[in-house]
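Colleague: Coordinates in entry_29.txt, compact mmCIF, C-alpha atoms, are listed below.
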# COMPACT_ATOMS: atom_id res chain seq x y z
CA MET A 1 70.77 149.53 102.59
CA ILE A 2 71.36 146.04 101.28
CA THR A 3 69.98 145.50 97.80
CA LEU A 4 69.65 142.52 95.50
CA ASN A 5 72.98 143.37 93.91
CA HIS A 6 74.80 142.90 97.20
CA TYR A 7 73.47 139.36 97.54
CA LEU A 8 74.18 138.54 93.90
CA VAL A 9 77.76 139.77 94.18
CA LEU A 10 78.20 137.66 97.33
CA ALA A 11 76.78 134.60 95.58
CA ALA A 12 79.09 135.18 92.63
CA ILE A 13 82.12 135.48 94.94
CA LEU A 14 81.22 132.23 96.72
CA PHE A 15 80.62 130.50 93.40
CA SER A 16 84.00 131.58 92.07
CA ILE A 17 85.66 130.35 95.28
CA SER A 18 84.09 126.96 94.65
CA LEU A 19 85.18 127.06 91.01
CA VAL A 20 88.76 127.65 92.11
CA GLY A 21 88.37 124.63 94.39
CA ILE A 22 86.94 122.45 91.64
CA LEU A 23 89.71 123.42 89.24
CA ARG A 24 92.69 123.07 91.58
CA ARG A 25 91.70 120.04 93.65
CA LYS A 26 92.75 116.54 92.72
CA ASN A 27 91.36 114.79 95.79
CA LEU A 28 87.82 113.52 95.24
CA LEU A 29 86.61 114.35 98.77
CA MET A 30 87.82 117.94 98.45
CA LEU A 31 86.05 118.11 95.09
CA PHE A 32 82.80 117.18 96.83
CA PHE A 33 83.33 120.00 99.34
CA ALA A 34 83.78 122.51 96.52
CA THR A 35 80.57 121.28 94.88
CA GLU A 36 78.67 121.87 98.11
CA ILE A 37 79.93 125.46 98.19
CA ALA A 38 78.69 125.99 94.63
CA LEU A 39 75.21 124.71 95.51
CA ASN A 40 75.06 126.97 98.56
CA ALA A 41 76.07 130.02 96.55
CA VAL A 42 73.21 129.37 94.13
CA ASN A 43 70.83 128.94 97.07
CA ILE A 44 71.75 132.41 98.37
CA ALA A 45 71.05 133.93 94.96
CA LEU A 46 67.67 132.16 94.74
CA ALA A 47 66.60 133.27 98.22
CA ALA A 48 67.61 136.85 97.40
CA PHE A 49 65.55 136.79 94.19
CA SER A 50 62.67 135.39 96.21
CA LYS A 51 62.75 138.28 98.65
CA PHE A 52 63.31 141.17 96.28
CA TYR A 53 60.74 140.05 93.70
CA HIS A 54 58.22 138.93 96.37
CA ASP A 55 58.02 135.47 94.88
CA LEU A 56 58.17 132.13 96.69
CA THR A 57 59.45 130.16 93.68
CA GLY A 58 63.06 130.96 94.50
CA GLN A 59 62.81 129.50 97.98
CA LEU A 60 61.11 126.36 96.69
CA PHE A 61 63.82 125.90 94.10
CA ALA A 62 66.37 126.18 96.92
CA PHE A 63 64.54 123.38 98.78
CA PHE A 64 64.78 121.08 95.78
CA ILE A 65 68.46 121.95 95.38
CA ILE A 66 69.04 120.94 99.02
CA ALA A 67 67.25 117.61 98.41
CA ILE A 68 69.38 116.96 95.32
CA ALA A 69 72.56 117.84 97.23
CA ALA A 70 71.66 115.40 100.02
CA SER A 71 71.07 112.50 97.62
CA GLU A 72 74.21 113.38 95.64
CA VAL A 73 76.26 113.17 98.82
CA ALA A 74 74.76 109.80 99.79
CA VAL A 75 75.45 108.13 96.43
CA GLY A 76 78.76 109.89 95.79
CA LEU A 77 80.24 109.01 99.15
CA GLY A 78 79.13 105.39 98.77
CA LEU A 79 81.00 105.15 95.49
CA LEU A 80 83.99 106.97 96.99
CA ILE A 81 84.23 104.52 99.88
CA ILE A 82 84.13 101.57 97.47
CA TRP A 83 86.87 103.15 95.35
CA TYR A 84 88.96 103.78 98.45
CA LYS A 85 88.53 100.14 99.51
CA ARG A 86 89.64 98.94 96.08
CA THR A 87 92.63 101.19 95.44
CA GLY A 88 93.61 102.89 98.69
CA ASN A 89 93.53 106.46 97.49
CA ILE A 90 90.98 108.83 96.03
CA ASP A 91 93.19 110.87 93.74
CA LEU A 92 91.53 111.82 90.48
CA ASP A 93 94.58 110.84 88.43
CA THR A 94 94.26 107.21 89.50
CA LEU A 95 90.71 107.07 88.23
CA GLN A 96 91.87 106.88 84.62
CA SER A 97 91.58 103.14 84.16
CA MET A 98 90.17 103.30 80.65
CA ASN A 99 92.94 105.17 78.82
CA GLY A 100 93.79 103.31 75.65
CA MET B 101 71.33 149.51 109.85
CA TYR B 102 71.59 146.23 111.75
CA GLU B 103 70.81 144.39 108.54
CA THR B 104 73.77 146.06 106.83
CA ILE B 105 76.14 145.19 109.66
CA ALA B 106 74.90 141.59 109.78
CA PHE B 107 75.20 141.22 106.01
CA TYR B 108 78.81 142.40 105.85
CA LEU B 109 79.81 140.43 108.97
CA PHE B 110 78.38 137.16 107.70
CA ALA B 111 79.61 137.79 104.16
CA ALA B 112 83.18 138.17 105.44
CA LEU B 113 82.85 135.11 107.69
CA THR B 114 81.41 132.94 104.92
CA ILE B 115 84.04 133.96 102.39
CA VAL B 116 86.86 133.30 104.87
CA MET B 117 85.45 129.89 105.85
CA PHE B 118 84.95 128.73 102.27
CA THR B 119 88.39 129.99 101.28
CA ILE B 120 89.85 127.84 104.07
CA THR B 121 87.82 124.89 102.75
CA VAL B 122 89.16 125.32 99.25
CA MET B 123 92.76 126.09 100.15
CA SER B 124 93.36 123.79 103.12
CA ARG B 125 95.58 120.72 102.70
CA ASN B 126 94.01 118.86 105.59
CA ALA B 127 90.68 117.15 104.93
CA LEU B 128 89.52 117.51 108.55
CA TYR B 129 90.10 121.28 108.60
CA ALA B 130 88.33 121.59 105.26
CA MET B 131 85.27 119.72 106.53
CA THR B 132 85.07 121.72 109.76
CA SER B 133 85.30 125.07 108.01
CA LEU B 134 82.72 123.90 105.48
CA ALA B 135 80.28 123.10 108.30
CA ALA B 136 80.90 126.53 109.84
CA GLY B 137 80.31 128.21 106.48
CA MET B 138 77.02 126.33 106.06
CA ILE B 139 75.78 127.70 109.39
CA PHE B 140 76.85 131.24 108.44
CA ILE B 141 74.96 130.89 105.16
CA SER B 142 71.75 130.13 107.06
CA ALA B 143 72.11 133.63 108.58
CA PHE B 144 71.58 135.07 105.08
CA PHE B 145 68.36 133.10 104.76
CA PHE B 146 67.11 134.54 108.05
CA LEU B 147 68.06 138.03 106.81
CA LEU B 148 66.12 137.38 103.61
CA ASP B 149 62.91 136.47 105.53
CA ALA B 150 63.22 132.82 104.44
CA ASP B 151 62.99 131.39 107.96
CA PHE B 152 62.03 127.87 106.97
CA LEU B 153 64.85 127.66 104.43
CA GLY B 154 67.33 128.78 107.08
CA VAL B 155 66.19 126.08 109.50
CA VAL B 156 66.34 123.45 106.76
CA GLN B 157 69.83 124.66 105.86
CA ILE B 158 71.04 124.15 109.43
CA ILE B 159 69.35 120.76 109.86
CA VAL B 160 70.13 119.22 106.46
CA TYR B 161 73.50 120.71 105.59
CA SER B 162 75.17 121.23 108.94
CA GLY B 163 73.48 118.19 110.44
CA ALA B 164 72.90 115.46 107.88
CA VAL B 165 75.36 116.18 105.07
CA MET B 166 78.25 116.98 107.41
CA ALA B 167 77.49 113.83 109.43
CA VAL B 168 77.66 111.77 106.23
CA TYR B 169 81.00 113.37 105.35
CA ALA B 170 82.29 112.67 108.85
CA PHE B 171 81.25 109.01 108.53
CA ALA B 172 82.96 108.74 105.16
CA MET B 173 86.14 110.18 106.62
CA ILE B 174 86.27 107.32 109.14
CA PHE B 175 87.55 105.21 106.27
CA MET B 176 90.36 107.56 105.37
CA ASP B 177 93.46 108.83 107.10
CA THR B 178 92.37 112.38 107.83
CA LEU B 179 95.36 113.66 109.73
CA ARG B 180 97.71 113.14 106.82
CA ASP B 181 98.02 116.03 104.41
CA VAL B 182 96.30 115.58 101.09
CA LYS B 183 98.90 115.08 98.40
CA GLU B 184 98.09 116.75 95.13
CA LYS B 185 100.15 117.64 92.15
CA ASN B 186 99.10 120.71 90.27
CA PRO B 187 100.70 121.05 86.88
CA SER B 188 99.97 124.71 86.21
CA LYS B 189 98.57 127.35 88.50
CA LYS B 190 98.29 130.00 85.81
CA ILE B 191 95.77 128.01 83.81
CA VAL B 192 93.68 127.32 86.91
CA PHE B 193 93.45 130.97 87.92
CA PHE B 194 92.86 132.14 84.35
CA LEU B 195 90.03 129.67 83.80
CA SER B 196 88.32 130.36 87.13
CA GLY B 197 88.59 134.12 86.57
CA MET B 198 87.02 133.83 83.13
CA VAL B 199 84.20 131.62 84.41
CA ALA B 200 83.55 134.00 87.30
CA LEU B 201 83.32 136.93 84.88
CA LEU B 202 80.84 134.99 82.77
CA LEU B 203 78.84 134.20 85.91
CA VAL B 204 78.61 137.86 86.91
CA ILE B 205 77.31 138.73 83.44
CA ILE B 206 74.73 135.94 83.63
CA LEU B 207 73.57 137.05 87.08
CA LEU B 208 73.31 140.72 86.08
CA THR B 209 71.25 140.05 82.97
CA PRO B 210 67.84 139.70 84.71
CA LEU B 211 68.43 143.01 86.49
CA ILE B 212 68.73 144.86 83.21
CA SER B 213 65.50 143.45 81.88
CA GLU B 214 62.59 144.60 84.01
CA LYS B 215 60.18 141.94 82.88
CA VAL B 216 60.45 139.64 85.91
CA GLN B 217 57.06 139.10 87.51
CA ALA B 218 56.08 137.28 90.68
CA LEU B 219 54.28 134.00 90.01
CA TYR B 220 53.44 133.15 93.62
CA PRO B 221 53.58 136.41 95.56
CA PHE B 222 53.98 136.66 99.32
CA SER B 223 50.90 137.29 101.39
CA ASP B 224 51.25 139.15 104.66
CA GLU B 225 48.56 137.14 106.44
CA VAL B 226 50.54 133.90 106.82
CA GLY B 227 54.10 133.32 107.97
CA ASN B 228 56.95 132.09 105.83
CA ALA B 229 56.70 128.39 106.72
CA GLU B 230 52.96 128.38 106.09
CA ALA B 231 53.32 130.17 102.75
CA VAL B 232 56.02 127.73 101.65
CA GLY B 233 53.79 124.82 102.63
CA ILE B 234 50.81 126.20 100.73
CA VAL B 235 52.79 126.68 97.51
CA LEU B 236 54.74 123.42 97.92
CA PHE B 237 51.65 121.24 98.38
CA THR B 238 49.60 122.84 95.61
CA LYS B 239 51.76 124.04 92.73
CA TYR B 240 54.84 121.90 93.36
CA LEU B 241 53.23 118.69 94.59
CA VAL B 242 54.53 116.44 91.80
CA PRO B 243 58.16 117.67 92.04
CA PHE B 244 57.90 117.22 95.80
CA GLU B 245 56.86 113.57 95.44
CA VAL B 246 59.55 112.95 92.82
CA ALA B 247 62.12 114.44 95.19
CA ALA B 248 60.90 112.09 97.92
CA ILE B 249 61.36 109.06 95.65
CA MET B 250 64.80 110.35 94.63
CA LEU B 251 65.84 110.62 98.28
CA LEU B 252 64.62 107.06 98.90
CA VAL B 253 66.60 105.74 95.93
CA ALA B 254 69.69 107.65 97.09
CA MET B 255 69.34 106.26 100.62
CA ILE B 256 69.08 102.66 99.41
CA ALA B 257 72.00 103.17 97.03
CA GLY B 258 74.14 104.69 99.79
CA ILE B 259 73.42 101.85 102.20
CA ILE B 260 74.11 99.14 99.64
CA LEU B 261 77.28 100.78 98.32
CA ALA B 262 78.84 101.57 101.68
CA SER B 263 77.80 98.48 103.63
CA LYS B 264 79.49 95.94 101.38
CA ARG B 265 82.02 93.94 103.37
CA MET B 266 81.51 96.19 106.35
CA ASP B 267 82.21 93.32 108.78
CA GLU B 268 85.96 93.24 108.14
CA SER B 269 88.58 95.87 108.75
CA ILE B 270 89.83 97.49 105.58
CA THR B 271 92.33 99.88 107.07
CA LEU B 272 94.50 97.18 108.63
CA LYS B 273 94.64 95.08 105.48
CA ILE B 274 97.01 95.61 102.61
CA ASP B 275 95.69 96.04 99.10
CA GLN B 276 96.96 92.71 97.83
CA GLU B 277 94.84 90.72 100.25
CA ILE B 278 91.73 92.62 99.26
CA GLU B 279 92.47 92.03 95.58
CA GLU B 280 93.01 88.31 96.20
CA GLU B 281 89.71 88.08 98.02
CA LEU B 282 88.00 89.92 95.23
CA GLN B 283 89.44 87.43 92.74
CA LYS B 284 88.17 84.57 94.89
CA GLY B 285 84.77 86.14 95.09
CA LYS B 286 84.51 86.34 91.33
CA ARG B 287 85.12 82.63 90.98
Rewrite the structure of this file - the entire thing - as structure tokens.

Modeller:
Amino acid sequence: MITLNHYLVLAAILFSISLVGILRRKNLLMLFFATEIALNAVNIALAAFSKFYHDLTGQLFAFFIIAIAASEVAVGLGLLIIWYKRTGNIDLDTLQSMNG
Amino acid sequence: MYETIAFYLFAALTIVMFTITVMSRNALYAMTSLAAGMIFISAFFFLLDADFLGVVQIIVYSGAVMAVYAFAMIFMDTLRDVKEKNPSKKIVFFLSGMVALLLVIILLTPLISEKVQALYPFSDEVGNAEAVGIVLFTKYLVPFEVAAIMLLVAMIAGIILASKRMDESITLKIDQEIEEELQKGKR
């Protein structure tokens, strides 16, 4: 029988995978991918809470998270394209233009 | 029984796909495995009786977000390996392990306390999509409208940011020419 703990452990595993990605990636596009994984892991946890506590709030929170993720991707990729046009690469180390 | 099999199957598939996304050196492989993982995640939503959320997951994530990523990757050389320099792997694994441990503790805390109560309980008379609609358009109407405005703002921002100087090829031009044109534009 699958319980709430199973889903929470799965969500935690996926979230830690995305954390590894966020910490080890230097490419900005790959960093966006890792962020998407983190948002999805949280969505799984919220849907699981929604089912096992018989409450719809978790699902609605997941909907708002999806909306936020969609707008984040639109704005973030617009900025990323502009940066790529200006400099030719999207490495995080080249973004330090304000070091004094 | 079938639920158990489906859970473990999709859990293994999702973890493998997202590990490929995180570890791959090729941006195209990473994006493809990310799209596959998104579809496998929607299977969990169907298992959890959140049918509408599963459909939205497939449409928005695997459809819209992945399409936006694919469009953004037009501008970049995707077949070349991503070059990254990682100064220390030990620090990365130590930090992510510690944060994951903290996350497990945070997630297990509400299970220990038994005071969680349902604010908007399920009713068996209506289906999942109907129930979501009823709660969304009564209790969460204002956040819903704010989210709509946020999506509009994000759409306008994305169009304006990405469509600047769209009429000329940027991949065939060297950086110096672009910089010179930018300098001209400022004057």

Colleague: Report, in Å with one decimal, the straight-line distance from atom CA of Ala12 of chain A to atom CA of Leu201 of chain B.

Modeller: 9.0 Å

Colleague: Within 9 Å of (66.1, 130.3, 96.6) (coordinates as in the file), grab all the protein and nucleic acid residues, counting all atoms listed in the file, and write them out as a PyMOL selection string.

Modeller: (chain A and resi 42-51+56-63+65) or (chain B and resi 145+150+153)

Colleague: For each of B:Ser162, B:Thr238, B:Gln157, B:Ser133, take the minimum atom-to-atom distance to Thr114 of chain B, counting all atoms listed in the file, then give the residue where this is smallest.

Modeller: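 Comparing B:Ser162, B:Thr238, B:Gln157, B:Ser133 against Thr114 of chain B, the winner is B:Ser133.
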
Colleague: Which residue, A:Trp83, A:Leu77, A:Asp55, A:Gln96, has the smallest gap to Met30 of chain A when you use all atoms listed in the file?

Modeller: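 Smallest separation from Met30 of chain A among the options: A:Leu77.
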
Colleague: Please indicate the distance in Å from atom CA of Met255 of chain B to atom CA of Gly76 of chain A, rounded to one decimal place.

Modeller: 11.2 Å

Colleague: Please provide the set of residues having any atom within 8 Å of Phe33 of chain A, restricted to all atoms listed in the file, with same-chain residues fewer than 4 positions apart removed, written as a VMD selection string.

Modeller: (chain A and resid 29 37) or (chain B and resid 121 to 122 130 to 131 134)

Colleague: Taking into account all atoms listed in the file, which residue in the set B:Val199, B:Ala135, B:Leu208, B:Val253 is nearest to Ile22 of chain A?

Modeller: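 Closest to Ile22 of chain A, using all atoms listed in the file: B:Val199.
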
Colleague: Name all residues at most 8 Å from Ala143 of chain B (count all atoms listed in the file; drop same-chain ones fewer than 3 positions away) and give them as a PyMOL selection string.

Modeller: chain B and resi 110+139-140+146-147+154

Colleague: What's the separation between atom CA of His6 of chain A and atom CA of Ile115 of chain B, in Å to one decimal place?

Modeller: 13.9 Å

Colleague: Looking at B:Met173, B:Leu251, B:Ile256, B:Met166, which one is nearest to chain A, with distances taken over all atoms listed in the file?

Modeller: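 Checking each candidate against chain A, we get B:Leu251 as the closest.
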
Colleague: Residues within 10 Å of Val9 of chain A, please, as an MDAnalysis selection string. Count all atoms listed in the file; anything in the same chain fewer than 5 positions from it doesn't count.

Modeller: (chainID A and resid 4 14:15 45) or (chainID B and resid 204 207:208)
